[in-house]
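Structure below is data-v6.json: JSON, C-alpha atoms.
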[["chain", "number", "residue", "atom", "x", "y", "z"],
["O", 1, "MET", "CA", 114.88, 152.37, 124.40],
["O", 2, "ASN", "CA", 116.80, 152.21, 127.59],
["O", 3, "LEU", "CA", 118.82, 148.98, 127.81],
["O", 4, "ASN", "CA", 118.51, 148.92, 131.59],
["O", 5, "ILE", "CA", 114.75, 148.55, 131.40],
["O", 6, "ILE", "CA", 115.01, 145.66, 128.91],
["O", 7, "ALA", "CA", 117.56, 143.98, 131.18],
["O", 8, "TYR", "CA", 115.31, 144.44, 134.21],
["O", 9, "SER", "CA", 112.34, 142.88, 132.45],
["O", 10, "ILE", "CA", 114.38, 139.88, 131.23],
["O", 11, "TYR", "CA", 115.82, 139.49, 134.73],
["O", 12, "VAL", "CA", 112.43, 139.58, 136.45],
["O", 13, "LEU", "CA", 110.92, 137.11, 133.97],
["O", 14, "VAL", "CA", 113.79, 134.61, 134.18],
["O", 15, "THR", "CA", 114.28, 134.71, 137.95],
["O", 16, "GLY", "CA", 110.54, 134.71, 138.66],
["O", 17, "PHE", "CA", 109.99, 131.73, 136.41],
["O", 18, "THR", "CA", 112.94, 129.82, 137.92],
["O", 19, "ILE", "CA", 111.99, 130.55, 141.52],
["O", 20, "ILE", "CA", 108.33, 129.59, 141.10],
["O", 21, "LYS", "CA", 109.07, 126.47, 139.05],
["O", 22, "VAL", "CA", 111.75, 125.19, 141.44],
["O", 23, "GLY", "CA", 109.53, 125.95, 144.43],
["O", 24, "LEU", "CA", 106.65, 123.96, 142.98],
["O", 25, "ILE", "CA", 108.85, 120.97, 142.08],
["O", 26, "CYS", "CA", 110.39, 120.93, 145.55],
["O", 27, "TYR", "CA", 106.97, 121.31, 147.18],
["O", 28, "GLN", "CA", 105.42, 118.41, 145.27],
["O", 29, "ASN", "CA", 108.34, 116.04, 145.70],
["O", 30, "GLY", "CA", 109.27, 117.21, 149.18],
["O", 31, "ILE", "CA", 105.95, 116.13, 150.62],
["O", 32, "ILE", "CA", 106.57, 112.52, 149.50],
["O", 33, "PHE", "CA", 110.09, 112.73, 150.87],
["O", 34, "MET", "CA", 108.88, 114.01, 154.24],
["O", 35, "THR", "CA", 105.98, 111.62, 154.68],
["O", 36, "ASN", "CA", 108.50, 108.86, 154.22],
["O", 37, "LEU", "CA", 110.63, 110.26, 157.04],
["O", 38, "ILE", "CA", 107.67, 110.68, 159.44],
["O", 39, "PRO", "CA", 105.20, 108.04, 158.33],
["O", 40, "ASP", "CA", 102.75, 108.43, 161.21],
["O", 41, "ASP", "CA", 101.93, 112.15, 161.00],
["O", 42, "THR", "CA", 101.06, 113.41, 157.52],
["O", 43, "GLU", "CA", 99.46, 116.62, 158.76],
["O", 44, "PHE", "CA", 102.66, 117.75, 160.47],
["O", 45, "CYS", "CA", 104.57, 117.11, 157.25],
["O", 46, "LEU", "CA", 102.10, 119.19, 155.26],
["O", 47, "LYS", "CA", 102.42, 122.08, 157.69],
["O", 48, "VAL", "CA", 106.22, 122.01, 157.65],
["O", 49, "ASN", "CA", 106.17, 121.78, 153.87],
["O", 50, "ASN", "CA", 103.82, 124.75, 153.52],
["O", 51, "THR", "CA", 105.93, 126.84, 155.89],
["O", 52, "LEU", "CA", 109.07, 125.93, 153.96],
["O", 53, "LEU", "CA", 107.46, 126.93, 150.64],
["O", 54, "ILE", "CA", 106.26, 130.28, 151.95],
["O", 55, "GLY", "CA", 109.62, 131.03, 153.54],
["O", 56, "TYR", "CA", 111.36, 130.08, 150.32],
["O", 57, "TYR", "CA", 109.18, 132.37, 148.18],
["O", 58, "LEU", "CA", 109.51, 135.30, 150.57],
["O", 59, "LEU", "CA", 113.27, 134.97, 150.83],
["O", 60, "ASN", "CA", 114.03, 134.48, 147.16],
["O", 61, "ILE", "CA", 111.55, 136.80, 145.51],
["O", 62, "GLY", "CA", 112.39, 139.42, 148.11],
["O", 63, "TYR", "CA", 116.09, 139.10, 147.40],
["O", 64, "ALA", "CA", 115.53, 139.09, 143.63],
["O", 65, "ILE", "CA", 113.58, 142.34, 143.82],
["O", 66, "LEU", "CA", 116.02, 143.88, 146.27],
["O", 67, "ALA", "CA", 118.92, 143.09, 143.94],
["O", 68, "LEU", "CA", 117.29, 145.20, 141.22],
["O", 69, "SER", "CA", 118.29, 148.41, 142.95],
["O", 70, "GLY", "CA", 122.05, 148.41, 142.58],
["O", 71, "TRP", "CA", 122.63, 147.87, 138.86],
["O", 72, "SER", "CA", 125.10, 150.01, 136.97],
["O", 73, "THR", "CA", 124.10, 151.78, 133.76],
["O", 74, "ILE", "CA", 124.17, 149.51, 130.71],
["O", 75, "HIS", "CA", 125.56, 150.91, 127.44],
["O", 76, "THR", "CA", 126.05, 147.92, 125.14],
["O", 77, "LEU", "CA", 124.49, 144.55, 124.43],
["O", 78, "THR", "CA", 127.65, 142.76, 125.59],
["O", 79, "GLN", "CA", 127.54, 144.54, 128.91],
["O", 80, "MET", "CA", 123.86, 143.66, 129.23],
["O", 81, "THR", "CA", 124.62, 139.95, 128.77],
["O", 82, "GLU", "CA", 127.41, 140.08, 131.36],
["O", 83, "ILE", "CA", 125.41, 141.89, 134.00],
["O", 84, "LEU", "CA", 122.26, 139.83, 133.42],
["O", 85, "SER", "CA", 124.15, 136.56, 133.60],
["O", 86, "SER", "CA", 126.01, 137.47, 136.76],
["O", 87, "HIS", "CA", 122.83, 138.59, 138.53],
["O", 88, "ILE", "CA", 120.84, 135.53, 137.44],
["O", 89, "ALA", "CA", 123.79, 133.31, 138.41],
["O", 90, "ILE", "CA", 123.82, 134.69, 141.94],
["O", 91, "ILE", "CA", 120.11, 133.92, 142.31],
["O", 92, "ILE", "CA", 120.43, 130.42, 140.85],
["O", 93, "CYS", "CA", 123.51, 129.55, 142.92],
["O", 94, "SER", "CA", 121.84, 130.70, 146.12],
["O", 95, "LEU", "CA", 118.79, 128.61, 145.16],
["O", 96, "ALA", "CA", 121.05, 125.59, 144.73],
["O", 97, "GLY", "CA", 122.71, 126.22, 148.08],
["O", 98, "LEU", "CA", 119.35, 126.57, 149.84],
["O", 99, "HIS", "CA", 118.07, 123.45, 148.13],
["O", 100, "TYR", "CA", 120.95, 121.23, 149.23],
["O", 101, "PHE", "CA", 120.86, 122.79, 152.69],
["O", 102, "ASN", "CA", 117.16, 121.95, 152.97],
["O", 103, "LEU", "CA", 117.67, 118.39, 151.75],
["O", 104, "PHE", "CA", 120.36, 117.64, 154.32],
["O", 105, "TRP", "CA", 118.67, 119.58, 157.09],
["O", 106, "ILE", "CA", 115.37, 117.75, 156.57],
["O", 107, "THR", "CA", 116.92, 114.29, 156.47],
["O", 108, "LYS", "CA", 119.10, 114.94, 159.51],
["O", 109, "PHE", "CA", 116.95, 116.89, 161.92],
["O", 110, "ILE", "CA", 113.30, 116.38, 161.15],
["O", 111, "LYS", "CA", 113.12, 113.24, 163.22],
["O", 112, "ASN", "CA", 114.36, 115.19, 166.25],
["O", 113, "LEU", "CA", 111.77, 117.93, 165.65],
["O", 114, "LYS", "CA", 109.01, 115.44, 166.22],
["O", 115, "GLN", "CA", 110.26, 114.10, 169.54],
["E", 1, "MET", "CA", 134.78, 146.66, 117.46],
["E", 2, "GLU", "CA", 136.02, 144.52, 120.31],
["E", 3, "ASN", "CA", 132.68, 144.24, 122.07],
["E", 4, "SER", "CA", 131.02, 142.44, 119.18],
["E", 5, "LYS", "CA", 133.62, 139.65, 119.28],
["E", 6, "ILE", "CA", 133.03, 139.17, 123.00],
["E", 7, "PHE", "CA", 129.29, 139.05, 122.31],
["E", 8, "ILE", "CA", 129.84, 136.34, 119.66],
["E", 9, "GLY", "CA", 131.80, 134.45, 122.30],
["E", 10, "TYR", "CA", 128.85, 134.64, 124.70],
["E", 11, "LEU", "CA", 126.47, 133.46, 121.98],
["E", 12, "ILE", "CA", 128.68, 130.41, 121.38],
["E", 13, "TYR", "CA", 129.40, 129.68, 125.04],
["E", 14, "LEU", "CA", 125.86, 129.82, 126.46],
["E", 15, "PRO", "CA", 124.17, 127.18, 124.25],
["E", 16, "ILE", "CA", 127.16, 124.84, 124.64],
["E", 17, "ALA", "CA", 127.10, 125.11, 128.44],
["E", 18, "ILE", "CA", 123.34, 124.66, 128.71],
["E", 19, "THR", "CA", 123.12, 121.68, 126.33],
["E", 20, "LEU", "CA", 126.09, 120.02, 128.07],
["E", 21, "THR", "CA", 124.35, 120.40, 131.42],
["E", 22, "TYR", "CA", 121.10, 119.11, 129.99],
["E", 23, "PHE", "CA", 122.61, 115.97, 128.46],
["E", 24, "VAL", "CA", 124.79, 115.15, 131.46],
["E", 25, "SER", "CA", 121.93, 115.47, 133.93],
["E", 26, "LYS", "CA", 119.57, 113.54, 131.63],
["E", 27, "THR", "CA", 122.01, 110.63, 131.50],
["E", 28, "LEU", "CA", 122.86, 110.77, 135.18],
["E", 29, "PHE", "CA", 119.31, 110.83, 136.47],
["E", 30, "LYS", "CA", 117.94, 108.33, 133.97],
["E", 31, "ASN", "CA", 120.37, 105.88, 135.51],
["E", 32, "GLY", "CA", 120.04, 107.36, 138.99],
["E", 33, "LYS", "CA", 116.46, 106.10, 139.14],
["E", 34, "THR", "CA", 117.76, 102.53, 139.36],
["E", 35, "PHE", "CA", 120.03, 103.45, 142.26],
["E", 36, "MET", "CA", 117.26, 105.28, 144.08],
["E", 37, "ILE", "CA", 114.84, 102.37, 143.75],
["E", 38, "ASP", "CA", 117.57, 100.14, 145.17],
["E", 39, "ILE", "CA", 118.26, 102.56, 148.04],
["E", 40, "PHE", "CA", 114.61, 102.97, 149.02],
["E", 41, "ARG", "CA", 113.89, 99.24, 148.76],
["E", 42, "ASN", "CA", 111.42, 99.30, 145.88],
["E", 43, "GLN", "CA", 109.28, 102.15, 147.22],
["E", 44, "GLU", "CA", 108.99, 103.77, 143.83],
["E", 45, "ASP", "CA", 107.25, 107.06, 144.72],
["E", 46, "ILE", "CA", 109.82, 108.20, 147.29],
["E", 47, "ALA", "CA", 112.67, 107.00, 145.06],
["E", 48, "LEU", "CA", 111.39, 109.05, 142.11],
["E", 49, "ALA", "CA", 110.77, 112.09, 144.35],
["E", 50, "THR", "CA", 114.31, 112.00, 145.72],
["E", 51, "ASN", "CA", 115.70, 111.53, 142.24],
["E", 52, "ARG", "CA", 113.80, 114.61, 141.05],
["E", 53, "LEU", "CA", 115.02, 116.67, 144.01],
["E", 54, "PHE", "CA", 118.63, 115.77, 143.26],
["E", 55, "GLU", "CA", 118.05, 116.55, 139.59],
["E", 56, "VAL", "CA", 116.77, 120.04, 140.40],
["E", 57, "GLY", "CA", 119.79, 120.65, 142.63],
["E", 58, "PHE", "CA", 122.14, 119.47, 139.89],
["E", 59, "TYR", "CA", 120.59, 121.77, 137.28],
["E", 60, "LEU", "CA", 120.63, 124.79, 139.60],
["E", 61, "LEU", "CA", 124.23, 124.27, 140.65],
["E", 62, "ASN", "CA", 125.59, 123.76, 137.15],
["E", 63, "ILE", "CA", 123.62, 126.38, 135.24],
["E", 64, "GLY", "CA", 124.33, 128.86, 138.02],
["E", 65, "TRP", "CA", 128.03, 128.14, 137.79],
["E", 66, "ALA", "CA", 127.97, 128.33, 133.98],
["E", 67, "LEU", "CA", 126.42, 131.80, 134.15],
["E", 68, "LEU", "CA", 128.79, 132.89, 136.90],
["E", 69, "ILE", "CA", 131.94, 132.18, 134.85],
["E", 70, "LEU", "CA", 130.50, 133.65, 131.63],
["E", 71, "LYS", "CA", 132.18, 137.05, 131.73],
["E", 72, "ILE", "CA", 135.12, 137.61, 129.37],
["E", 73, "ASP", "CA", 137.46, 140.29, 130.68],
["E", 74, "SER", "CA", 137.58, 143.01, 128.01],
["E", 75, "HIS", "CA", 140.79, 144.59, 129.34],
["E", 76, "HIS", "CA", 142.88, 141.51, 128.59],
["E", 77, "PHE", "CA", 141.04, 140.64, 125.41],
["E", 78, "GLN", "CA", 143.32, 141.10, 122.38],
["E", 79, "ASN", "CA", 140.46, 141.63, 119.92],
["E", 80, "THR", "CA", 141.35, 138.77, 117.58],
["E", 81, "TYR", "CA", 139.42, 135.65, 116.70],
["E", 82, "GLN", "CA", 142.42, 133.57, 117.78],
["E", 83, "ASN", "CA", 142.22, 135.01, 121.28],
["E", 84, "LEU", "CA", 138.46, 134.47, 121.33],
["E", 85, "ILE", "CA", 138.90, 130.77, 120.47],
["E", 86, "GLU", "CA", 141.56, 130.36, 123.16],
["E", 87, "ILE", "CA", 139.39, 131.98, 125.83],
["E", 88, "LEU", "CA", 136.33, 129.98, 124.77],
["E", 89, "SER", "CA", 138.23, 126.71, 124.83],
["E", 90, "PHE", "CA", 139.47, 127.47, 128.33],
["E", 91, "LYS", "CA", 135.96, 128.27, 129.50],
["E", 92, "VAL", "CA", 134.18, 125.33, 127.85],
["E", 93, "GLY", "CA", 136.92, 122.88, 128.88],
["E", 94, "GLY", "CA", 136.91, 124.12, 132.45],
["E", 95, "PHE", "CA", 133.15, 123.92, 132.61],
["E", 96, "SER", "CA", 133.03, 120.39, 131.26],
["E", 97, "MET", "CA", 135.71, 119.29, 133.75],
["E", 98, "TYR", "CA", 133.63, 120.85, 136.52],
["E", 99, "LEU", "CA", 130.57, 118.97, 135.21],
["E", 100, "GLY", "CA", 132.54, 115.74, 135.30],
["E", 101, "ALA", "CA", 133.56, 116.36, 138.90],
["E", 102, "MET", "CA", 129.91, 117.05, 139.82],
["E", 103, "LEU", "CA", 128.85, 113.85, 138.02],
["E", 104, "PHE", "CA", 131.31, 111.81, 140.03],
["E", 105, "LEU", "CA", 130.23, 113.51, 143.24],
["E", 106, "ASN", "CA", 126.60, 112.57, 142.56],
["E", 107, "LEU", "CA", 127.61, 109.01, 141.65],
["E", 108, "PHE", "CA", 129.57, 108.82, 144.89],
["E", 109, "LEU", "CA", 126.47, 109.96, 146.82],
["E", 110, "PHE", "CA", 124.40, 107.28, 145.07],
["E", 111, "PHE", "CA", 126.91, 104.55, 145.87],
["E", 112, "ARG", "CA", 127.19, 105.66, 149.48],
["E", 113, "GLY", "CA", 123.41, 105.65, 149.90],
["E", 114, "ARG", "CA", 123.21, 102.22, 148.34],
["E", 115, "LYS", "CA", 125.90, 100.87, 150.66],
["E", 116, "LYS", "CA", 124.15, 102.35, 153.71],
["E", 117, "ALA", "CA", 120.78, 100.93, 152.64],
["E", 118, "ARG", "CA", 122.35, 97.51, 152.15],
["E", 119, "LYS", "CA", 123.97, 97.60, 155.60],
["E", 120, "LYS", "CA", 120.71, 98.70, 157.20],
["E", 121, "SER", "CA", 118.71, 96.00, 155.48],
["E", 122, "ILE", "CA", 121.19, 93.34, 156.60],
["E", 123, "SER", "CA", 121.15, 94.55, 160.22],
["E", 124, "GLU", "CA", 117.34, 94.73, 160.27],
["E", 125, "LYS", "CA", 117.03, 91.34, 158.60],
["E", 126, "VAL", "CA", 114.80, 92.81, 155.91],
["E", 127, "PRO", "CA", 115.33, 91.46, 152.41],
["E", 128, "PRO", "CA", 116.59, 94.28, 150.15],
["E", 129, "PHE", "CA", 113.98, 93.91, 147.42],
["E", 130, "HIS", "CA", 110.99, 93.77, 149.66],
["E", 131, "SER", "CA", 108.92, 96.73, 150.77],
["E", 132, "PRO", "CA", 108.39, 96.85, 154.56],
["E", 133, "GLN", "CA", 104.78, 97.99, 154.15],
["E", 134, "ALA", "CA", 103.84, 95.10, 151.91],
["E", 135, "GLY", "CA", 105.10, 92.46, 154.28]]
What do you get writing this file as structure tokens?
Amino acid sequence: MNLNIIAYSIYVLVTGFTIIKVGLICYQNGIIFMTNLIPDDTEFCLKVNNTLLIGYYLLNIGYAILALSGWSTIHTLTQMTEILSSHIAIIICSLAGLHYFNLFWITKFIKNLKQ
Amino acid sequence: MENSKIFIGYLIYLPIAITLTYFVSKTLFKNGKTFMIDIFRNQEDIALATNRLFEVGFYLLNIGWALLILKIDSHHFQNTYQNLIEILSFKVGGFSMYLGAMLFLNLFLFFRGRKKARKKSISEKVPPFHSPQAG
């Protein structure tokens, strides 16, 4: 069987699982975090949180699928591990960057949004 | 065949990197809970939520980095087990030093937050172990 197709399926499974899991964890804990920052308006927090989750899914799943197009042909198992790990690493590192960016952005600017 | 040795290297490197990350973050965030509860003045739900958010960020950053530095360059690989051990030791050592730096960075963030919370509670004349909502 074609090694590229195996690599694609592993890639889609791993990145999809990571993106959805991280999104859910951030959604559930983020709402507590945000209601603490704006204690008087829970509905606003919920709306911002929902928008953030949808934006996050669109951006990441979209990028993950887009990145499927430019893979080189895989001949050996070693090459498959290298290519898979580098592609998954790019996704995970960008997730980490977005996550920290969101944390700092929310704590710094959300109070100004309200005013 | 030189590729099989590189593949063995990957099989050794990946579990080591992932278990290292797992144990370091487990230790850090088990103890981080105490800091967070101190920072958020005994409001346990927000403290635990923030702790979890930082934990997710820590995992993503470190596992992402571990995967990013995985590749062993096959052009400079001399196809001996000695060379494989040298390359692996460089990778695992570098990764664990990076993990240590990240650990200290997180600890620094915790200490800074704690100091800020203390200062704030002194300036607002709120006792540090007393929730504002309860009083």
Set the distance at 12 Å and use only C-alpha atoms: which residues neighbour Ile54 in chain O once local chain neighbours fewer than 4 positions away are removed? I'd like the list as a compact mmCIF listing (two decimals) with C-alpha atoms, keeping the file's coordinate frame.
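Output saved as selection-v2.txt:
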# COMPACT_ATOMS: atom_id res chain seq x y z
CA ILE O 19 111.99 130.55 141.52
CA ILE O 20 108.33 129.59 141.10
CA GLY O 23 109.53 125.95 144.43
CA LEU O 24 106.65 123.96 142.98
CA TYR O 27 106.97 121.31 147.18
CA LYS O 47 102.42 122.08 157.69
CA VAL O 48 106.22 122.01 157.65
CA ASN O 49 106.17 121.78 153.87
CA ASN O 50 103.82 124.75 153.52
CA LEU O 58 109.51 135.30 150.57
CA LEU O 59 113.27 134.97 150.83
CA ASN O 60 114.03 134.48 147.16
CA ILE O 61 111.55 136.80 145.51
CA GLY O 62 112.39 139.42 148.11
Interface list for chain E, partner chain O, 6 Å threshold, all atoms listed in the file, as a short mmCIF file (atom, residue, chain, number, x, y, z; two decimals) with C-alpha atoms, keeping the file's coordinate frame:
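File selection-v3.cif, as written:
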data_model
loop_
_atom_site.label_atom_id
_atom_site.label_comp_id
_atom_site.auth_asym_id
_atom_site.auth_seq_id
_atom_site.Cartn_x
_atom_site.Cartn_y
_atom_site.Cartn_z
CA PHE E 7 129.29 139.05 122.31
CA ILE E 46 109.82 108.20 147.29
CA ALA E 49 110.77 112.09 144.35
CA GLY E 57 119.79 120.65 142.63
CA LEU E 60 120.63 124.79 139.60
CA LEU E 61 124.23 124.27 140.65
CA GLY E 64 124.33 128.86 138.02
CA LEU E 67 126.42 131.80 134.15
CA LEU E 68 128.79 132.89 136.90
CA LYS E 71 132.18 137.05 131.73
#
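CA of Ile63 in chain E is positioned 12.5 Å from CA of Phe23 in chain E.
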task = Could you tell me how far CA of Lys30 in chain E lies from CA of Glu44 in chain E, in Å and to one decimal?
result = 14.1 Å
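Atom pair CA of Leu14 in chain E / CA of Phe110 in chain E has a distance of 29.3 Å (rounded to one decimal).
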